[in-house]
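Trainee: Here it is, the structure in full.
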Amino acid sequence: MTPNKTTVQVTVILEKLFEEHFETAPESIEALAVSGSDRRYYRLTAGKVTAIGTYNTNIAENNTFFYFTELLRKHQVNVPEIFAINKDRRAYLQQDLGNTSLFDLITKDGFTEANRKLYHKSLTQLAKLQWVAGREADYKQCFASKQFDEKAIMSDLLYFKYYFADLQNIPYDRSLLISEMELLSKDLGRVQPQTLMFRDFQSRNIMVYDGKIYFIDYQGCMQGPPQYDLASLLWQAKAQLPEAWKEDLLNGYISSLADLHVPRMDEIHFRRGYVQFVLVRLLQVLGSYGFRGLLQHKAHFLTSIGPALKNLDSFLSNHPQTPAYPELRSLLEKVSSKEMQDKYATVGAEKEPRLEVHICSFSYKGGVPKTASPHGGGFVFDCRGILNPGRYAAYKHLTGNEELVRQFLERETKMPDFMNHVYALVAINVEDYIARGFEQLSVSFGCTGGQHRSVYAANQLATHLKTRYNINVTVSHLNEKKWVFSDDTTD
């Protein structure tokens, strides 16, 4: 089998695996959205039987996931059951835990008592993962880093430097900053105790199913300080937990260790280390948001930058002596300033924005649409240089609104490069029009049938502009009434 498969080939592999395991063919297969991962997820269903099919070409990562799943289930940590693994270990079926994460609940219902209890349950399970399963863990099974040591910490700090700080055009002494980061990494690399560390322990990776919490996406597990996982959950940017919750949950976690017969630890030392790793996590997250949001233009990460800067500002205000390195402290204060927070809250914002951007998709068979803008003109982008999903039977009767088509265009075509150029070009006019008080801008995307590529591109630009600017955006798909849902015509 080749290392890379098209979406059609992947679904065929997962359907076959499903049928072999459950002895019935799936009646439906639904592509699930992914954000920062290269793994592909699908929900396969046959009657009341359902499973999540996963495809990932990184076999080492898969093997790590399989190993830790078995280890954690052995120690009664709630993680999904793995039903079946195909021979090349690139595809597997796992338990379907529904669609509700802890983050979804906190976003929908707010800081309720029920949600606070779910956070406490999560930390109780985390303590079991770290201190009980961690005693038996074979760290040779980790697919990337085996330990969150001095080198890994320095890598996180540099991630922040290169992918966020350096993109802000803020002056600082680069040589001095690197020296201070090296000292901080060396200091934190010696922090004890070391346990099994989840690495990305945040509320999106905690599913709530049948009243229980389950962990997902733990293939990044490694040996490291337990405080890092606490920092990841309690200081998650988009969650914005109240300070009282953070303290209550930290106290609850420390109290839960007694029930696990964890050897006596120095609580003061533990809490001091926790504060330090909160800072490291905040910077690592900003680096990730910078890379995925500012460079790759992914909307979810762009919208997270503002809350992350607010988190950093809150941390610095509450910890005037951390970090105890003047150049790093100075840079962080500049990065988290009110001006920077405002910039990423609504870039180019006005209280009552005048600019409206009208985006449409169209079919070249019907000609280029005329703009209604009083300024005339506007952008017209030709998507016909991108591989057409409509040529394939699996996508022919779908549209650019659907997840399966989105994944095809993002994984198997040059559409991501195309859109990055679009974002950069449109941004020039949007920012200029806002500054000059213009009221309208039109952007059109055309492809052969106006059903797949142009629809996807119009939707993506709309999401990007709504995320990046405080402006009104409308989307229309001009060829919608002629979309192909049968074999009568072709796109």
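Just remember, in the structure tokens the first chain shown is A, the second B, etc., residues are 1-based per chain, and ligands are 1-based in the order shown.
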Residues near Leu126 (chain A), anyone? I mean within 9 Å using only C-alpha atoms, not counting same-chain ones fewer than 2 positions away, as a PyMOL selection string.

Mentor: chain A and resi 77+121-124+128-131+198+201+215+229-230+253

Trainee: Assign secondary structure with DSSP using the backbone only, and return the residues of region 238-480 of chain A in alpha helix (DSSP H) as a ChimeraX atom specification.

Mentor: /A:243-256,267-289,299-318,326-335,338-345,393-396,403-412,415-436,453-468

Trainee: Using only C-alpha atoms, which protein or nucleic acid residues come within 12 Å of Glu267 (chain A)? Drop anything in the same chain fewer than 6 positions from it, and give the result as a list in words.

Mentor: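 In the requested format, the answer is Gln192, Pro193, Gln227, Leu250, Asn251, Tyr253, Ile254, Ser255, Leu257, Gly273 and Tyr274 of chain A.
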
Trainee: Next, dump the selected residues to file, keeping only N, CA and C atoms, as a PDB file, in the first residue's frame.

Mentor:
ATOM      1  N   GLN A 192      11.417  18.290  39.492  1.00  0.00           N
ATOM      2  CA  GLN A 192      10.889  16.988  39.896  1.00  0.00           C
ATOM      3  C   GLN A 192       9.569  17.230  40.642  1.00  0.00           C
ATOM      4  N   PRO A 193       8.649  16.250  40.680  1.00  0.00           N
ATOM      5  CA  PRO A 193       8.781  14.899  40.149  1.00  0.00           C
ATOM      6  C   PRO A 193       8.505  14.850  38.643  1.00  0.00           C
ATOM      7  N   GLN A 227       2.850  19.190  36.511  1.00  0.00           N
ATOM      8  CA  GLN A 227       2.305  20.552  36.556  1.00  0.00           C
ATOM      9  C   GLN A 227       1.960  21.081  35.157  1.00  0.00           C
ATOM     10  N   LEU A 250      -6.925  23.270  41.230  1.00  0.00           N
ATOM     11  CA  LEU A 250      -5.552  22.919  41.611  1.00  0.00           C
ATOM     12  C   LEU A 250      -5.540  22.274  42.988  1.00  0.00           C
ATOM     13  N   ASN A 251      -6.283  22.845  43.932  1.00  0.00           N
ATOM     14  CA  ASN A 251      -6.356  22.269  45.281  1.00  0.00           C
ATOM     15  C   ASN A 251      -6.971  20.873  45.237  1.00  0.00           C
ATOM     16  N   TYR A 253      -6.944  18.744  42.733  1.00  0.00           N
ATOM     17  CA  TYR A 253      -5.975  17.809  42.143  1.00  0.00           C
ATOM     18  C   TYR A 253      -4.968  17.352  43.203  1.00  0.00           C
ATOM     19  N   ILE A 254      -4.410  18.295  43.946  1.00  0.00           N
ATOM     20  CA  ILE A 254      -3.399  17.953  44.960  1.00  0.00           C
ATOM     21  C   ILE A 254      -4.003  17.056  46.030  1.00  0.00           C
ATOM     22  N   SER A 255      -5.256  17.330  46.416  1.00  0.00           N
ATOM     23  CA  SER A 255      -5.920  16.487  47.428  1.00  0.00           C
ATOM     24  C   SER A 255      -6.153  15.070  46.920  1.00  0.00           C
ATOM     25  N   LEU A 257      -4.326  13.273  45.123  1.00  0.00           N
ATOM     26  CA  LEU A 257      -3.118  12.439  45.100  1.00  0.00           C
ATOM     27  C   LEU A 257      -3.037  11.524  46.319  1.00  0.00           C
ATOM     28  N   GLY A 273       6.655  25.165  40.886  1.00  0.00           N
ATOM     29  CA  GLY A 273       6.873  24.604  39.554  1.00  0.00           C
ATOM     30  C   GLY A 273       5.658  24.787  38.656  1.00  0.00           C
ATOM     31  N   TYR A 274       4.473  24.685  39.242  1.00  0.00           N
ATOM     32  CA  TYR A 274       3.239  24.883  38.480  1.00  0.00           C
ATOM     33  C   TYR A 274       3.206  26.273  37.841  1.00  0.00           C
TER      34      TYR A 274
END

Trainee: Would you mind telling me which residue in A:Tyr42, A:Ala144, A:Leu93, A:Lys74 lies nearest to Asn58 (chain A) when using only C-alpha atoms?

Mentor: A:Ala144

Trainee: Got a sec: who's within 8 Å of region 420-427 of chain A, counting only C-alpha atoms, leaving out chain neighbours fewer than 3 positions off, as a PyMOL selection string?

Mentor: chain A and resi 296-297+379+416-417+430-431+461+464

Trainee: Could you give me, as JSON lines, every region 152-194 of chain A residue with an atom at most 12 Å from region 318-334 of chain A, plus its closest atom pair and distance in Å to one decimal, counting only C-alpha atoms, rows ordered by chain then number?

Mentor:
{"residue": "A:Leu157", "atom": "CA", "partner": "A:Leu328", "partner_atom": "CA", "distance": 10.4}
{"residue": "A:Leu158", "atom": "CA", "partner": "A:Leu328", "partner_atom": "CA", "distance": 11.9}
{"residue": "A:Phe160", "atom": "CA", "partner": "A:Leu332", "partner_atom": "CA", "distance": 10.5}
{"residue": "A:Lys161", "atom": "CA", "partner": "A:Leu331", "partner_atom": "CA", "distance": 9.9}
{"residue": "A:Phe164", "atom": "CA", "partner": "A:Leu332", "partner_atom": "CA", "distance": 11.1}
{"residue": "A:Ala165", "atom": "CA", "partner": "A:Leu331", "partner_atom": "CA", "distance": 8.1}
{"residue": "A:Asp166", "atom": "CA", "partner": "A:Leu331", "partner_atom": "CA", "distance": 10.5}
{"residue": "A:Gln168", "atom": "CA", "partner": "A:Lys334", "partner_atom": "CA", "distance": 9.9}
{"residue": "A:Asn169", "atom": "CA", "partner": "A:Lys334", "partner_atom": "CA", "distance": 10.8}
{"residue": "A:Ile170", "atom": "CA", "partner": "A:Lys334", "partner_atom": "CA", "distance": 7.6}
{"residue": "A:Pro171", "atom": "CA", "partner": "A:Leu331", "partner_atom": "CA", "distance": 8.3}
{"residue": "A:Tyr172", "atom": "CA", "partner": "A:Leu331", "partner_atom": "CA", "distance": 6.8}
{"residue": "A:Asp173", "atom": "CA", "partner": "A:Glu327", "partner_atom": "CA", "distance": 7.2}
{"residue": "A:Arg174", "atom": "CA", "partner": "A:Glu327", "partner_atom": "CA", "distance": 9.0}
{"residue": "A:Ser175", "atom": "CA", "partner": "A:Glu327", "partner_atom": "CA", "distance": 9.9}
{"residue": "A:Leu176", "atom": "CA", "partner": "A:Glu327", "partner_atom": "CA", "distance": 6.8}
{"residue": "A:Leu177", "atom": "CA", "partner": "A:Glu327", "partner_atom": "CA", "distance": 5.8}
{"residue": "A:Ile178", "atom": "CA", "partner": "A:Leu328", "partner_atom": "CA", "distance": 8.9}
{"residue": "A:Ser179", "atom": "CA", "partner": "A:Glu327", "partner_atom": "CA", "distance": 9.7}
{"residue": "A:Glu180", "atom": "CA", "partner": "A:Tyr325", "partner_atom": "CA", "distance": 6.3}
{"residue": "A:Met181", "atom": "CA", "partner": "A:Leu328", "partner_atom": "CA", "distance": 7.7}
{"residue": "A:Glu182", "atom": "CA", "partner": "A:Tyr325", "partner_atom": "CA", "distance": 11.0}
{"residue": "A:Leu183", "atom": "CA", "partner": "A:Tyr325", "partner_atom": "CA", "distance": 9.1}
{"residue": "A:Leu184", "atom": "CA", "partner": "A:Tyr325", "partner_atom": "CA", "distance": 8.4}
{"residue": "A:Ser185", "atom": "CA", "partner": "A:Pro323", "partner_atom": "CA", "distance": 11.7}
{"residue": "A:Asp187", "atom": "CA", "partner": "A:Ala324", "partner_atom": "CA", "distance": 11.7}
{"residue": "A:Leu188", "atom": "CA", "partner": "A:Pro323", "partner_atom": "CA", "distance": 11.8}

Trainee: Any idea what the distance is between CA of Ala435 (chain A) and CA of Thr474 (chain A)?

Mentor: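 Straight-line distance from CA of Ala435 (chain A) to CA of Thr474 (chain A) works out to 20.4 Å.
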